[in-house]
Amino acid sequence: MSIFSTSLPKGKFLRQGGFAIGFACTLALGTAFAQEGVLAKVGDIEITERDLGFAETDLKQQFAQVPEEFRRAAILNALIDIRVLAAAAEQAGVADGEEFKARMDFLRSRALHNAFFRKNGIDAISEEALKTRYEKEISETKPEKQVDARHILVKTEDEAKAIIAELDAGGDFAKLAKEKSTGPSGANGGTLGYFGKGQMVPEFEVAAFALEKGSYTKTPVKTQFGYHIILKQDERDVEPPKFEDSKNQIRQALLREKYIELVKGNREKFKVEVIDETLKKSMEMLNTTR
């Protein structure tokens, strides 16, 4: 299935990949910051432009409401608070605790995970790779159709049949729609404009797409709204999305696919074993969606 549709952005990449992929793509989107420039000191510890850059990335949501002209100052202020209490924690021996060491091990692993995915995933996706994938998807995607139609909606089948008889006798569809249709489009001659599959109730859609261009339904079409007479005015192929409009969607698809590839290969390389049987079964169920 295509990674995009000409009507709705759907595709396999929206379903596959599991929870870890979104986690990885979010956390790995850091920025490289210049180290130069000492902005402040806490004792002998220097706070550099790079430190502020890391803090800006991690604390972005927390300071989103701060006016832009004060945001860097607010984040530096928070960074100084962090350094001050960290220094106090060092003096108190917090860093020697087993729980702290375990947390640091996790944070180090997460940082390495993100750095590895940035180098081998995010930075590995070139503009050329995006264009190649776009062209492949376009060539493999079957064009979708849209129909331009008018309709007349009435309450009973007998009313609908009477209108069809008037049309058969040469009646003007738009004029009859204005006079007789109970639908909101009646005032505009029953015009609905172009619509694709999935946008109308099934009975109406089937009838509209089955008509020849310029023809109308010879029998009333019953839906939950009443009885319709449908005129098919035109049919066209939907234009595929442009490359520039699709780039972000394609990039996300490639990121997810690359993440799955990297994880799968390295899980096999490092021989993962889940000891807890209950969690093992739950993970196996989750991984069937990846």
# chains A, B, ... in the order shown; residues from 1 in each chain; ligands from 1
call {"tool": "select_by_dssp", "arguments": {"residues": "region 220-273 of chain A", "states": "helix (DSSP H, G or I)", "output": "PDB file with N, CA and C atoms, in the first residue's frame"}}
result
ATOM      1  N   PHE A 243       5.628  16.824  -4.383  1.00  0.00           N
ATOM      2  CA  PHE A 243       6.770  16.355  -3.589  1.00  0.00           C
ATOM      3  C   PHE A 243       6.962  17.199  -2.336  1.00  0.00           C
ATOM      4  N   GLU A 244       6.924  18.522  -2.496  1.00  0.00           N
ATOM      5  CA  GLU A 244       7.175  19.403  -1.347  1.00  0.00           C
ATOM      6  C   GLU A 244       6.121  19.226  -0.263  1.00  0.00           C
ATOM      7  N   ASP A 245       4.897  18.916  -0.674  1.00  0.00           N
ATOM      8  CA  ASP A 245       3.820  18.713   0.302  1.00  0.00           C
ATOM      9  C   ASP A 245       3.905  17.345   0.968  1.00  0.00           C
ATOM     10  N   SER A 246       4.670  16.434   0.368  1.00  0.00           N
ATOM     11  CA  SER A 246       4.746  15.059   0.866  1.00  0.00           C
ATOM     12  C   SER A 246       6.038  14.752   1.615  1.00  0.00           C
ATOM     13  N   LYS A 247       7.004  15.665   1.545  1.00  0.00           N
ATOM     14  CA  LYS A 247       8.339  15.382   2.081  1.00  0.00           C
ATOM     15  C   LYS A 247       8.323  14.931   3.537  1.00  0.00           C
ATOM     16  N   ASN A 248       7.580  15.647   4.375  1.00  0.00           N
ATOM     17  CA  ASN A 248       7.586  15.303   5.798  1.00  0.00           C
ATOM     18  C   ASN A 248       6.978  13.933   6.030  1.00  0.00           C
ATOM     19  N   GLN A 249       5.898  13.620   5.326  1.00  0.00           N
ATOM     20  CA  GLN A 249       5.247  12.321   5.459  1.00  0.00           C
ATOM     21  C   GLN A 249       6.173  11.199   5.001  1.00  0.00           C
ATOM     22  N   ILE A 250       6.860  11.430   3.881  1.00  0.00           N
ATOM     23  CA  ILE A 250       7.801  10.425   3.382  1.00  0.00           C
ATOM     24  C   ILE A 250       8.966  10.253   4.343  1.00  0.00           C
ATOM     25  N   ARG A 251       9.486  11.365   4.867  1.00  0.00           N
ATOM     26  CA  ARG A 251      10.600  11.296   5.815  1.00  0.00           C
ATOM     27  C   ARG A 251      10.226  10.465   7.041  1.00  0.00           C
ATOM     28  N   GLN A 252       9.017  10.696   7.561  1.00  0.00           N
ATOM     29  CA  GLN A 252       8.578   9.933   8.733  1.00  0.00           C
ATOM     30  C   GLN A 252       8.466   8.447   8.412  1.00  0.00           C
ATOM     31  N   ALA A 253       7.983   8.138   7.204  1.00  0.00           N
ATOM     32  CA  ALA A 253       7.880   6.738   6.801  1.00  0.00           C
ATOM     33  C   ALA A 253       9.265   6.093   6.737  1.00  0.00           C
ATOM     34  N   LEU A 254      10.227   6.791   6.130  1.00  0.00           N
ATOM     35  CA  LEU A 254      11.580   6.250   6.021  1.00  0.00           C
ATOM     36  C   LEU A 254      12.244   6.122   7.387  1.00  0.00           C
ATOM     37  N   LEU A 255      11.978   7.077   8.277  1.00  0.00           N
ATOM     38  CA  LEU A 255      12.525   6.991   9.633  1.00  0.00           C
ATOM     39  C   LEU A 255      12.006   5.758  10.357  1.00  0.00           C
ATOM     40  N   ARG A 256      10.727   5.511  10.241  1.00  0.00           N
ATOM     41  CA  ARG A 256      10.140   4.347  10.902  1.00  0.00           C
ATOM     42  C   ARG A 256      10.717   3.047  10.334  1.00  0.00           C
ATOM     43  N   GLU A 257      10.821   3.003   9.014  1.00  0.00           N
ATOM     44  CA  GLU A 257      11.367   1.799   8.389  1.00  0.00           C
ATOM     45  C   GLU A 257      12.824   1.585   8.779  1.00  0.00           C
ATOM     46  N   LYS A 258      13.599   2.686   8.836  1.00  0.00           N
ATOM     47  CA  LYS A 258      15.008   2.585   9.212  1.00  0.00           C
ATOM     48  C   LYS A 258      15.147   2.155  10.658  1.00  0.00           C
ATOM     49  N   TYR A 259      14.283   2.671  11.511  1.00  0.00           N
ATOM     50  CA  TYR A 259      14.341   2.307  12.929  1.00  0.00           C
ATOM     51  C   TYR A 259      14.066   0.810  13.110  1.00  0.00           C
ATOM     52  N   ILE A 260      13.038   0.312  12.422  1.00  0.00           N
ATOM     53  CA  ILE A 260      12.715  -1.114  12.492  1.00  0.00           C
ATOM     54  C   ILE A 260      13.908  -1.951  12.025  1.00  0.00           C
ATOM     55  N   GLU A 261      14.516  -1.525  10.930  1.00  0.00           N
ATOM     56  CA  GLU A 261      15.671  -2.247  10.386  1.00  0.00           C
ATOM     57  C   GLU A 261      16.831  -2.276  11.385  1.00  0.00           C
ATOM     58  N   LEU A 262      17.148  -1.131  11.992  1.00  0.00           N
ATOM     59  CA  LEU A 262      18.259  -1.055  12.933  1.00  0.00           C
ATOM     60  C   LEU A 262      17.991  -1.887  14.189  1.00  0.00           C
ATOM     61  N   VAL A 263      16.768  -1.767  14.703  1.00  0.00           N
ATOM     62  CA  VAL A 263      16.429  -2.510  15.918  1.00  0.00           C
ATOM     63  C   VAL A 263      16.441  -4.012  15.665  1.00  0.00           C
ATOM     64  N   LYS A 264      15.833  -4.432  14.564  1.00  0.00           N
ATOM     65  CA  LYS A 264      15.770  -5.864  14.266  1.00  0.00           C
ATOM     66  C   LYS A 264      17.167  -6.467  14.127  1.00  0.00           C
ATOM     67  N   GLY A 265      18.027  -5.791  13.370  1.00  0.00           N
ATOM     68  CA  GLY A 265      19.370  -6.302  13.173  1.00  0.00           C
ATOM     69  C   GLY A 265      20.168  -6.379  14.456  1.00  0.00           C
ATOM     70  N   ASN A 266      20.035  -5.373  15.294  1.00  0.00           N
ATOM     71  CA  ASN A 266      20.828  -5.351  16.524  1.00  0.00           C
ATOM     72  C   ASN A 266      20.227  -6.205  17.636  1.00  0.00           C
ATOM     73  N   ARG A 267      18.930  -6.438  17.602  1.00  0.00           N
ATOM     74  CA  ARG A 267      18.360  -7.408  18.549  1.00  0.00           C
ATOM     75  C   ARG A 267      18.912  -8.806  18.251  1.00  0.00           C
ATOM     76  N   GLU A 268      19.044  -9.111  16.977  1.00  0.00           N
ATOM     77  CA  GLU A 268      19.613 -10.413  16.610  1.00  0.00           C
ATOM     78  C   GLU A 268      21.110 -10.466  16.948  1.00  0.00           C
ATOM     79  N   LYS A 269      21.807  -9.383  16.700  1.00  0.00           N
ATOM     80  CA  LYS A 269      23.251  -9.322  16.942  1.00  0.00           C
ATOM     81  C   LYS A 269      23.583  -9.503  18.421  1.00  0.00           C
TER      82      LYS A 269
END
call {"tool": "residues_around", "arguments": {"residues": "Gly37 (chain A)", "least_positions_apart": "4", "cutoff": "12 Å", "atoms": "only C-alpha atoms", "output": "short mmCIF file (atom, residue, chain, number, x, y, z; two decimals) with N, CA and C atoms, in the first residue's frame"}}
result
data_model
loop_
_atom_site.label_atom_id
_atom_site.label_comp_id
_atom_site.auth_asym_id
_atom_site.auth_seq_id
_atom_site.Cartn_x
_atom_site.Cartn_y
_atom_site.Cartn_z
N PHE A 33 25.07 21.71 18.94
CA PHE A 33 25.27 23.06 19.44
C PHE A 33 26.75 23.37 19.56
N LYS A 41 28.83 30.90 35.27
CA LYS A 41 29.61 29.95 36.05
C LYS A 41 28.89 29.64 37.34
N GLU A 46 31.68 25.84 34.25
CA GLU A 46 31.26 26.76 33.20
C GLU A 46 29.97 26.26 32.53
N ILE A 47 29.07 27.19 32.28
CA ILE A 47 27.86 26.90 31.51
C ILE A 47 28.05 27.53 30.15
N THR A 48 28.13 26.69 29.12
CA THR A 48 28.44 27.16 27.77
C THR A 48 27.20 27.28 26.90
N GLU A 49 27.43 27.82 25.72
CA GLU A 49 26.34 27.92 24.74
C GLU A 49 25.78 26.54 24.41
N ARG A 50 26.65 25.54 24.36
CA ARG A 50 26.18 24.18 24.07
C ARG A 50 25.29 23.66 25.20
N ASP A 51 25.68 23.94 26.45
CA ASP A 51 24.84 23.53 27.58
C ASP A 51 23.45 24.16 27.48
N LEU A 52 23.43 25.44 27.11
CA LEU A 52 22.14 26.11 26.97
C LEU A 52 21.33 25.48 25.84
N GLY A 53 22.01 25.10 24.75
CA GLY A 53 21.32 24.45 23.65
C GLY A 53 20.68 23.15 24.05
#
call {"tool": "select_by_dssp", "arguments": {"residues": "region 13-173 of chain A", "states": "strand (DSSP E or B)", "output": "list in words"}}
result
Val38, Leu39, Ala40, Lys41, Val42, Ile45, Glu46, Ile47, Thr48, Lys145, Gln146, Val147, Asp148, Ala149, Arg150, His151, Ile152, Leu153 and Val154 of chain A
call {"tool": "write_last_selection", "arguments": {"atoms": "N, CA and C atoms", "output": "PDB file, in the first residue's frame"}}
result
ATOM      1  N   VAL A  38      31.217  30.989  27.016  1.00  0.00           N
ATOM      2  CA  VAL A  38      30.827  30.731  28.407  1.00  0.00           C
ATOM      3  C   VAL A  38      29.784  31.760  28.790  1.00  0.00           C
ATOM      4  N   LEU A  39      28.623  31.283  29.197  1.00  0.00           N
ATOM      5  CA  LEU A  39      27.499  32.173  29.501  1.00  0.00           C
ATOM      6  C   LEU A  39      27.381  32.483  30.986  1.00  0.00           C
ATOM      7  N   ALA A  40      27.818  31.551  31.827  1.00  0.00           N
ATOM      8  CA  ALA A  40      27.717  31.737  33.280  1.00  0.00           C
ATOM      9  C   ALA A  40      28.628  30.724  33.957  1.00  0.00           C
ATOM     10  N   LYS A  41      28.827  30.902  35.268  1.00  0.00           N
ATOM     11  CA  LYS A  41      29.609  29.953  36.047  1.00  0.00           C
ATOM     12  C   LYS A  41      28.886  29.640  37.343  1.00  0.00           C
ATOM     13  N   VAL A  42      28.989  28.388  37.758  1.00  0.00           N
ATOM     14  CA  VAL A  42      28.530  27.970  39.086  1.00  0.00           C
ATOM     15  C   VAL A  42      29.771  27.435  39.780  1.00  0.00           C
ATOM     16  N   ILE A  45      32.427  25.605  37.617  1.00  0.00           N
ATOM     17  CA  ILE A  45      31.756  24.933  36.502  1.00  0.00           C
ATOM     18  C   ILE A  45      31.254  25.967  35.509  1.00  0.00           C
ATOM     19  N   GLU A  46      31.678  25.840  34.247  1.00  0.00           N
ATOM     20  CA  GLU A  46      31.256  26.762  33.204  1.00  0.00           C
ATOM     21  C   GLU A  46      29.973  26.263  32.528  1.00  0.00           C
ATOM     22  N   ILE A  47      29.072  27.195  32.285  1.00  0.00           N
ATOM     23  CA  ILE A  47      27.861  26.899  31.514  1.00  0.00           C
ATOM     24  C   ILE A  47      28.045  27.530  30.148  1.00  0.00           C
ATOM     25  N   THR A  48      28.132  26.695  29.117  1.00  0.00           N
ATOM     26  CA  THR A  48      28.444  27.163  27.770  1.00  0.00           C
ATOM     27  C   THR A  48      27.201  27.280  26.901  1.00  0.00           C
ATOM     28  N   LYS A 145     -10.420   8.412  -8.303  1.00  0.00           N
ATOM     29  CA  LYS A 145     -11.398   9.146  -9.096  1.00  0.00           C
ATOM     30  C   LYS A 145     -12.237  10.068  -8.213  1.00  0.00           C
ATOM     31  N   GLN A 146     -12.675  11.149  -8.817  1.00  0.00           N
ATOM     32  CA  GLN A 146     -13.662  12.023  -8.193  1.00  0.00           C
ATOM     33  C   GLN A 146     -14.796  12.249  -9.184  1.00  0.00           C
ATOM     34  N   VAL A 147     -15.990  12.392  -8.636  1.00  0.00           N
ATOM     35  CA  VAL A 147     -17.186  12.618  -9.456  1.00  0.00           C
ATOM     36  C   VAL A 147     -17.759  13.992  -9.128  1.00  0.00           C
ATOM     37  N   ASP A 148     -18.174  14.696 -10.158  1.00  0.00           N
ATOM     38  CA  ASP A 148     -18.899  15.963 -10.000  1.00  0.00           C
ATOM     39  C   ASP A 148     -20.372  15.660 -10.262  1.00  0.00           C
ATOM     40  N   ALA A 149     -21.223  15.886  -9.265  1.00  0.00           N
ATOM     41  CA  ALA A 149     -22.626  15.478  -9.409  1.00  0.00           C
ATOM     42  C   ALA A 149     -23.594  16.518  -8.858  1.00  0.00           C
ATOM     43  N   ARG A 150     -24.821  16.396  -9.338  1.00  0.00           N
ATOM     44  CA  ARG A 150     -25.968  17.099  -8.753  1.00  0.00           C
ATOM     45  C   ARG A 150     -26.939  16.037  -8.254  1.00  0.00           C
ATOM     46  N   HIS A 151     -27.825  16.422  -7.338  1.00  0.00           N
ATOM     47  CA  HIS A 151     -28.863  15.475  -6.931  1.00  0.00           C
ATOM     48  C   HIS A 151     -30.121  16.213  -6.517  1.00  0.00           C
ATOM     49  N   ILE A 152     -31.195  15.476  -6.580  1.00  0.00           N
ATOM     50  CA  ILE A 152     -32.494  15.961  -6.088  1.00  0.00           C
ATOM     51  C   ILE A 152     -32.937  14.980  -5.011  1.00  0.00           C
ATOM     52  N   LEU A 153     -33.236  15.492  -3.842  1.00  0.00           N
ATOM     53  CA  LEU A 153     -33.630  14.656  -2.707  1.00  0.00           C
ATOM     54  C   LEU A 153     -35.092  14.920  -2.349  1.00  0.00           C
ATOM     55  N   VAL A 154     -35.871  13.839  -2.267  1.00  0.00           N
ATOM     56  CA  VAL A 154     -37.279  13.948  -1.868  1.00  0.00           C
ATOM     57  C   VAL A 154     -37.594  12.862  -0.832  1.00  0.00           C
TER      58      VAL A 154
END
call {"tool": "atom_distance", "arguments": {"atom1": "CA of Ala102 (chain A)", "atom2": "CA of Ile80 (chain A)"}}
result
24.8 Å
call {"tool": "closest_residue", "arguments": {"among": "A:Met283, A:Pro241, A:Phe63, A:Glu166", "to": "Glu137 (chain A)", "atoms": "only C-alpha atoms"}}
result
A:Pro241
call {"tool": "atom_distance", "arguments": {"atom1": "CA of Val201 (chain A)", "atom2": "CA of Thr223 (chain A)"}}
result
7.5 Å
call {"tool": "atom_distance", "arguments": {"atom1": "CA of Leu176 (chain A)", "atom2": "CA of Glu212 (chain A)"}}
result
20.5 Å
call {"tool": "residues_around", "arguments": {"residues": "Pro220 (chain A)", "least_positions_apart": "5", "cutoff": "12 Å", "atoms": "only C-alpha atoms", "output": "JSON list (two decimals) with C-alpha atoms, in the first residue's frame"}}
result
[["chain", "number", "residue", "atom", "x", "y", "z"],
["A", 151, "HIS", "CA", -28.86, 15.47, -6.93],
["A", 152, "ILE", "CA", -32.49, 15.96, -6.09],
["A", 153, "LEU", "CA", -33.63, 14.66, -2.71],
["A", 154, "VAL", "CA", -37.28, 13.95, -1.87],
["A", 155, "LYS", "CA", -39.10, 12.06, 0.88],
["A", 156, "THR", "CA", -40.94, 9.37, -1.08],
["A", 157, "GLU", "CA", -40.20, 6.99, -3.93],
["A", 158, "ASP", "CA", -43.29, 8.14, -5.82],
["A", 159, "GLU", "CA", -42.07, 11.76, -5.75],
["A", 160, "ALA", "CA", -38.68, 10.64, -7.06],
["A", 161, "LYS", "CA", -40.26, 8.62, -9.87],
["A", 162, "ALA", "CA", -42.39, 11.60, -10.89],
["A", 163, "ILE", "CA", -39.27, 13.80, -11.14],
["A", 164, "ILE", "CA", -37.47, 11.15, -13.23],
["A", 165, "ALA", "CA", -40.45, 11.18, -15.59],
["A", 203, "GLU", "CA", -25.76, 3.72, -1.72],
["A", 204, "PHE", "CA", -25.30, 7.22, -3.11],
["A", 207, "ALA", "CA", -24.90, 4.93, -7.90],
["A", 208, "ALA", "CA", -22.97, 8.12, -8.69],
["A", 226, "GLY", "CA", -34.71, 9.82, 1.52],
["A", 227, "TYR", "CA", -34.85, 9.18, -2.23],
["A", 228, "HIS", "CA", -32.29, 10.70, -4.62],
["A", 229, "ILE", "CA", -32.08, 11.32, -8.32],
["A", 230, "ILE", "CA", -28.39, 11.76, -9.21],
["A", 231, "LEU", "CA", -26.87, 13.48, -12.25]]
